[in-house]
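File shown: model07.txt (compact mmCIF, C-alpha atoms).
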```
# COMPACT_ATOMS: atom_id res chain seq x y z
CA MET A 45 22.72 -17.30 -21.75
CA ILE A 46 23.83 -14.53 -19.40
CA LYS A 47 23.56 -15.91 -15.88
CA VAL A 48 22.47 -13.52 -13.12
CA ILE A 49 22.42 -14.05 -9.37
CA ILE A 50 20.51 -11.80 -6.97
CA ILE A 51 21.73 -11.45 -3.40
CA GLY A 52 18.91 -10.28 -1.14
CA SER A 53 15.20 -10.83 -0.57
CA GLY A 54 13.75 -7.38 0.20
CA ASN A 55 11.52 -5.15 -1.91
CA VAL A 56 14.04 -4.41 -4.66
CA ALA A 57 15.25 -8.01 -4.83
CA GLN A 58 11.74 -9.41 -5.12
CA HIS A 59 10.76 -7.02 -7.91
CA LEU A 60 13.99 -7.81 -9.77
CA ILE A 61 13.31 -11.53 -9.42
CA ALA A 62 9.84 -11.06 -10.93
CA ALA A 63 11.22 -8.87 -13.74
CA PHE A 64 13.94 -11.36 -14.72
CA GLN A 65 11.49 -14.25 -14.61
CA ASP A 66 9.05 -12.35 -16.86
CA SER A 67 11.91 -11.56 -19.23
CA GLN A 68 13.04 -15.19 -19.30
CA ASN A 69 9.49 -16.38 -19.99
CA LEU A 70 9.44 -14.07 -23.02
CA GLY A 71 12.56 -15.69 -24.45
CA SER A 72 15.27 -13.39 -23.10
CA GLU A 73 18.84 -14.69 -23.01
CA ILE A 74 19.12 -13.58 -19.37
CA GLU A 75 18.82 -16.45 -16.89
CA LEU A 76 18.13 -15.91 -13.20
CA ALA A 77 20.42 -18.69 -12.05
CA GLN A 78 20.11 -18.34 -8.27
CA VAL A 79 19.03 -16.08 -5.41
CA PHE A 80 20.64 -15.76 -1.98
CA SER A 81 18.41 -15.14 1.03
CA ARG A 82 19.11 -15.69 4.71
CA GLN A 83 15.43 -16.65 4.98
CA PRO A 84 14.54 -18.71 1.89
CA ALA A 85 10.88 -18.90 2.96
CA ASN A 86 10.60 -15.18 2.11
CA LEU A 87 10.97 -16.10 -1.56
CA SER A 88 8.95 -19.32 -1.68
CA HIS A 89 6.11 -17.54 -3.51
CA LEU A 90 8.48 -16.47 -6.27
CA LEU A 91 10.99 -19.29 -6.76
CA ASP A 92 11.47 -23.01 -6.38
CA TYR A 93 13.65 -23.84 -3.39
CA ASP A 94 16.34 -25.37 -5.61
CA LYS A 95 17.07 -21.86 -6.93
CA ILE A 96 17.46 -20.33 -3.46
CA THR A 97 20.47 -20.60 -1.17
CA ASP A 98 21.09 -19.26 2.33
CA ASN A 99 24.84 -19.87 2.12
CA LEU A 100 27.12 -17.52 0.18
CA ASP A 101 29.66 -20.33 -0.20
CA THR A 102 27.20 -22.25 -2.39
CA LEU A 103 26.67 -19.48 -4.93
CA VAL A 104 27.07 -20.86 -8.43
CA GLU A 105 29.25 -19.22 -11.06
CA ALA A 106 27.47 -16.44 -12.93
CA ASP A 107 28.16 -13.49 -15.23
CA LEU A 108 26.60 -10.94 -12.89
CA TYR A 109 25.94 -10.79 -9.14
CA ILE A 110 23.38 -8.16 -8.07
CA ILE A 111 23.52 -7.18 -4.39
CA ALA A 112 20.04 -5.93 -3.47
CA VAL A 113 20.30 -5.32 0.27
CA SER A 114 20.03 -2.30 2.57
CA ASP A 115 22.59 0.45 1.95
CA ASP A 116 24.47 -0.13 5.21
CA ALA A 117 24.91 -3.85 4.42
CA ILE A 118 26.37 -3.50 0.90
CA THR A 119 30.04 -3.28 1.90
CA ASP A 120 29.79 -6.14 4.39
CA VAL A 121 27.94 -8.46 2.00
CA SER A 122 30.30 -7.74 -0.90
CA SER A 123 33.31 -8.50 1.31
CA GLN A 124 31.87 -11.93 2.19
CA LEU A 125 31.57 -13.15 -1.40
CA PRO A 126 33.78 -16.26 -1.76
CA PHE A 127 35.26 -15.49 -5.19
CA LYS A 128 37.33 -12.90 -7.06
CA ASP A 129 37.34 -11.00 -10.35
CA ARG A 130 33.63 -11.40 -11.08
CA LEU A 131 31.19 -8.59 -11.84
CA VAL A 132 29.39 -7.51 -8.66
CA VAL A 133 26.94 -4.59 -8.59
CA HIS A 134 24.64 -2.99 -6.03
CA THR A 135 21.19 -1.46 -6.52
CA SER A 136 21.45 1.62 -4.29
CA GLY A 137 20.86 5.20 -5.32
CA GLY A 138 22.78 6.70 -2.43
CA VAL A 139 25.89 4.50 -2.20
CA SER A 140 29.07 4.92 -4.26
CA LEU A 141 30.36 2.23 -6.56
CA ASN A 142 33.50 2.23 -4.38
CA ALA A 143 31.56 0.81 -1.41
CA LEU A 144 31.88 -2.59 -3.06
CA ASP A 145 34.79 -4.83 -2.11
CA ASN A 146 37.90 -4.61 -4.30
CA ASN A 147 38.11 -8.39 -4.77
CA ASN A 148 35.65 -8.18 -7.65
CA ARG A 149 34.86 -5.92 -10.59
CA LYS A 150 32.40 -3.24 -9.52
CA GLY A 151 29.25 -1.72 -10.90
CA VAL A 152 25.87 -0.21 -10.10
CA PHE A 153 22.45 -1.40 -11.29
CA TYR A 154 20.04 1.18 -9.81
CA PRO A 155 16.32 0.91 -10.66
CA LEU A 156 14.87 4.32 -9.81
CA GLN A 157 11.42 3.54 -8.45
CA THR A 158 9.56 3.15 -5.17
CA PHE A 159 9.02 -0.54 -4.47
CA THR A 160 6.48 -2.09 -2.11
CA LYS A 161 6.12 -5.82 -1.50
CA ASN A 162 3.11 -7.38 -3.24
CA LYS A 163 2.53 -4.17 -5.27
CA ALA A 164 3.20 -5.05 -8.89
CA VAL A 165 5.07 -2.61 -11.14
CA ASP A 166 5.68 -2.51 -14.88
CA PHE A 167 9.46 -2.89 -14.87
CA LYS A 168 9.66 -1.96 -18.56
CA THR A 169 8.88 1.66 -17.59
CA ILE A 170 11.38 1.88 -14.74
CA PRO A 171 14.63 3.80 -15.38
CA ILE A 172 17.73 1.72 -14.63
CA CYS A 173 20.89 3.74 -13.96
CA LEU A 174 24.14 1.95 -14.75
CA GLU A 175 27.77 2.50 -13.77
CA SER A 176 30.83 0.28 -14.12
CA GLU A 177 34.60 0.44 -13.97
CA ASN A 178 35.20 -0.64 -17.58
CA ALA A 179 33.47 -0.68 -20.96
CA THR A 180 33.19 -4.47 -21.24
CA ASP A 181 31.33 -4.76 -17.95
CA PHE A 182 29.10 -1.86 -18.93
CA GLN A 183 28.10 -3.63 -22.14
CA LEU A 184 27.00 -6.64 -20.11
CA LEU A 185 25.08 -4.47 -17.63
CA ASP A 186 23.43 -2.63 -20.50
CA LYS A 187 22.30 -5.90 -22.08
CA VAL A 188 20.89 -7.20 -18.80
CA ALA A 189 19.12 -3.92 -18.03
CA LYS A 190 17.54 -3.69 -21.48
CA ALA A 191 16.12 -7.20 -21.04
CA ILE A 192 13.83 -5.89 -18.28
CA SER A 193 13.51 -2.14 -18.96
CA GLU A 194 13.08 0.20 -21.89
CA LYS A 195 14.72 3.09 -20.00
CA VAL A 196 18.43 2.57 -19.37
CA PHE A 197 20.84 5.40 -18.50
CA THR A 198 24.56 5.86 -17.92
CA ILE A 199 24.82 7.64 -14.55
CA ASN A 200 27.99 8.08 -12.49
CA SER A 201 28.11 8.00 -8.68
CA GLU A 202 27.88 11.78 -8.24
CA GLN A 203 24.95 12.07 -10.65
CA ARG A 204 23.23 9.14 -8.94
CA LYS A 205 23.61 10.87 -5.58
CA ALA A 206 21.85 13.93 -7.03
CA LEU A 207 19.11 11.73 -8.49
CA HIS A 208 18.63 10.00 -5.15
CA VAL A 209 18.25 13.29 -3.27
CA ALA A 210 15.82 14.55 -5.94
CA ALA A 211 13.88 11.28 -5.65
CA VAL A 212 13.50 11.79 -1.89
CA PHE A 213 11.91 15.19 -2.57
CA VAL A 214 9.52 14.04 -5.30
CA ASN A 215 8.59 10.70 -3.73
CA ASN A 216 9.28 10.30 -0.01
CA PHE A 217 8.57 13.89 1.00
CA THR A 218 5.56 14.11 -1.31
CA ASN A 219 4.11 10.91 0.15
CA HIS A 220 4.59 12.33 3.64
CA LEU A 221 2.58 15.37 2.57
CA TYR A 222 -0.15 12.99 1.39
CA GLN A 223 -0.10 11.49 4.87
CA ILE A 224 -0.47 14.92 6.47
CA GLY A 225 -3.33 15.76 4.11
CA SER A 226 -4.98 12.45 4.98
CA GLU A 227 -4.67 13.11 8.71
CA ILE A 228 -6.12 16.62 8.37
CA CYS A 229 -9.07 15.15 6.45
CA GLN A 230 -9.55 12.39 8.99
CA GLU A 231 -9.47 14.85 11.90
CA HIS A 232 -12.30 16.84 10.32
CA GLN A 233 -14.34 13.88 9.00
CA VAL A 234 -13.64 14.64 5.34
CA PRO A 235 -13.04 11.71 2.93
CA PHE A 236 -9.44 11.73 1.68
CA ASP A 237 -10.76 10.26 -1.60
CA ILE A 238 -12.01 13.74 -2.52
CA LEU A 239 -8.36 14.82 -2.93
CA LYS A 240 -7.30 11.90 -5.14
CA PRO A 241 -8.30 13.47 -8.50
CA LEU A 242 -6.28 16.56 -7.52
CA ILE A 243 -3.28 14.37 -6.65
CA ALA A 244 -3.57 12.55 -9.98
CA GLU A 245 -3.86 15.78 -11.99
CA THR A 246 -0.88 17.33 -10.18
CA ALA A 247 1.29 14.33 -11.08
CA GLN A 248 -0.02 14.15 -14.64
CA LYS A 249 0.52 17.86 -15.32
CA ILE A 250 4.31 17.69 -14.98
CA MET A 251 4.42 15.08 -17.74
CA THR A 252 3.77 17.91 -20.22
CA ILE A 253 4.89 21.12 -18.48
CA SER A 254 7.66 21.96 -16.00
CA PRO A 255 7.00 21.88 -12.23
CA SER A 256 7.69 25.62 -12.14
CA GLU A 257 4.96 26.28 -14.72
CA ALA A 258 2.57 23.91 -12.94
CA GLN A 259 2.88 25.63 -9.55
CA THR A 260 -0.38 27.14 -8.27
CA GLY A 261 -1.86 28.01 -4.87
CA PRO A 262 -1.83 30.83 -2.29
CA ALA A 263 1.98 30.94 -1.95
CA LYS A 264 2.41 31.29 -5.72
CA ARG A 265 -0.23 34.08 -5.77
CA ASN A 266 1.25 35.62 -2.61
CA ASP A 267 -2.24 35.46 -1.08
CA ILE A 268 -1.23 36.52 2.43
CA ALA A 269 -4.77 36.51 3.85
CA THR A 270 -5.36 32.85 2.86
CA ILE A 271 -1.91 31.82 4.08
CA GLU A 272 -2.57 33.36 7.51
CA VAL A 273 -5.96 31.63 7.73
CA HIS A 274 -4.32 28.27 6.90
CA GLU A 275 -1.56 28.72 9.47
CA ALA A 276 -4.06 29.66 12.17
CA PHE A 277 -6.23 26.66 11.28
CA LEU A 278 -3.42 24.13 11.72
CA SER A 279 -3.43 22.96 15.35
CA ASN A 280 -0.47 20.62 14.86
CA GLU A 281 2.70 22.66 15.41
CA ASN A 282 4.81 20.42 13.13
CA TYR A 283 2.33 20.86 10.31
CA GLN A 284 2.41 24.62 10.84
CA ILE A 285 6.20 24.62 10.51
CA ILE A 286 6.08 22.51 7.34
CA TYR A 287 3.38 24.76 5.87
CA LYS A 288 5.45 27.90 6.58
CA ILE A 289 8.70 26.47 5.18
CA LEU A 290 7.08 25.24 1.97
CA THR A 291 5.15 28.50 1.55
CA GLN A 292 8.35 30.53 1.93
CA SER A 293 10.22 28.22 -0.46
CA ILE A 294 7.53 28.71 -3.15
CA GLN A 295 7.50 32.46 -2.57
CA HIS A 296 11.28 32.65 -2.92
CA ASN A 297 11.22 30.19 -5.85
CA GLY A 298 14.10 28.07 -4.57
CA LYS A 299 16.31 31.02 -3.53
CA LYS A 300 17.71 31.46 -0.03
CA LEU A 301 14.93 31.95 2.51
```

This structure in structure tokens:
Amino acid sequence: MIKVIIIGSGNVAQHLIAAFQDSQNLGSEIELAQVFSRQPANLSHLLDYDKITDNLDTLVEADLYIIAVSDDAITDVSSQLPFKDRLVVHTSGGVSLNALDNNNRKGVFYPLQTFTKNKAVDFKTIPICLESENATDFQLLDKVAKAISEKVFTINSEQRKALHVAAVFVNNFTNHLYQIGSEICQEHQVPFDILKPLIAETAQKIMTISPSEAQTGPAKRNDIATIEVHEAFLSNENYQIIYKILTQSIQHNGKKL
């Protein structure tokens, strides 16, 4: 068995715990040996207490230690690990492999997905981006990743940084636009549900054609009259600015505004 330890109890950690447990129940040779959490009660719905520790000094020996904590805590947590020359990875999209402490062998185990507590995901469909310092460690990471996902990629730190920035555009910024749309609907007593089929079709369309080909709307058509009506309609100054910037970006097709 390949023994894995997860360090952390946030969104990513909890989804990884569930994924490894599902994999183990299906006969995988990956064993979730232990989880570290400063607040063990946060994981009581997922694990028996004998598998949880709140003391790094009591971590058992394992083949892989996955640090799933906030980006700004990765370096500090990795430096507190009470052992040397073991394989330690983090799960961040925006942090370099070199942020990990030099006492141990380094790697990255980055599941590219938006995670929310208590919102189940099918981990088999989630891309996992791997990086390591040597081929032997990569083989182990690859084996562990393929036990929980069907989409595993070799991605170096610079490529992962690009992916992370791209992910902010397609996920975080897009969700913020949903929020703006929802607030505009709410302000004018229009059900946001009316927009949900449009949202679903927009996302589905890029599964078969490129985002450039899928682009529609007044900015794409250069429909100046409609654009001016929209800008005048928006009473929120921030929303006006966002509307103008995105309109100009579409009109210039990614070129300098």

Sphere at (33.8, 2.3, -16.4), radius 12 Å, counting only C-alpha atoms: residues as a JSON list (two decimals) with C-alpha atoms, in the frame of the given file:
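Output contents, as saved in result-v8.json:
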```json
[["chain", "number", "residue", "atom", "x", "y", "z"],
["A", 141, "LEU", "CA", 30.36, 2.23, -6.56],
["A", 149, "ARG", "CA", 34.86, -5.92, -10.59],
["A", 150, "LYS", "CA", 32.40, -3.24, -9.52],
["A", 151, "GLY", "CA", 29.25, -1.72, -10.90],
["A", 152, "VAL", "CA", 25.87, -0.21, -10.10],
["A", 174, "LEU", "CA", 24.14, 1.95, -14.75],
["A", 175, "GLU", "CA", 27.77, 2.50, -13.77],
["A", 176, "SER", "CA", 30.83, 0.28, -14.12],
["A", 177, "GLU", "CA", 34.60, 0.44, -13.97],
["A", 178, "ASN", "CA", 35.20, -0.64, -17.58],
["A", 179, "ALA", "CA", 33.47, -0.68, -20.96],
["A", 180, "THR", "CA", 33.19, -4.47, -21.24],
["A", 181, "ASP", "CA", 31.33, -4.76, -17.95],
["A", 182, "PHE", "CA", 29.10, -1.86, -18.93],
["A", 183, "GLN", "CA", 28.10, -3.63, -22.14],
["A", 184, "LEU", "CA", 27.00, -6.64, -20.11],
["A", 185, "LEU", "CA", 25.08, -4.47, -17.63],
["A", 198, "THR", "CA", 24.56, 5.86, -17.92],
["A", 199, "ILE", "CA", 24.82, 7.64, -14.55],
["A", 200, "ASN", "CA", 27.99, 8.08, -12.49],
["A", 201, "SER", "CA", 28.11, 8.00, -8.68]]
```

**Request:** For stretch 272-289 of chain A, work out the shell of residues within 12 Å, counting all atoms listed in the file and skipping chain neighbours fewer than 2 positions away, then give it as a ChimeraX atom specification.
**Result:** /A:217,220-221,223-225,227-229,231-232,262-263,266-270,291-298,300-301

**Top pick for closest residue to A:Val132, considering A:Leu70, A:Ala211, A:Ile170, A:Ile49 and counting only C-alpha atoms** = A:Ile49

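Computed from the coordinates, the atom CA of A:Gln65 to atom CA of A:Asn99 distance equals 22.1 Å.
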
**Item:** A:Leu87 environment, 9 Å, only C-alpha atoms, sequence neighbours closer than 6 positions dropped, as JSON, numbers by chain
**Value:** {"A": [53, 58, 79, 81, 93, 96]}

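Remark: for A:Ala63, the closest of the candidate residues A:Thr252, A:Ser193, A:Thr218, A:Gln78 is A:Ser193 (distances computed over all atoms listed in the file).
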
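Taking all atoms listed in the file into account, A:Asp186 lies nearest to A:Phe153 out of the set A:Phe153, A:Tyr109, A:Tyr222, A:Phe127.
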
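Every protein, DNA or RNA residue with an atom at most 8 Å from A:Asn147, where all atoms listed in the file count and chain neighbours fewer than 4 positions away do not, is listed here: Ser123, Phe127, Lys128 and Asp129 of chain A.
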
**Prompt:** Between atom CA of A:Ala77 and atom CA of A:Asp92, what is the spacing in Å?
**Reply:** 11.4 Å

**Message:** Report, in Å to a single decimal, how far apart atom CA of A:Leu207 and atom CA of A:Ala189 are.
**Reply:** 18.3 Å

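Minimum atom-to-atom distance to A:Ser114, evaluated using only C-alpha atoms, belongs to A:Ile51 out of A:Ile51, A:Leu100, A:Ile172, A:Leu76.
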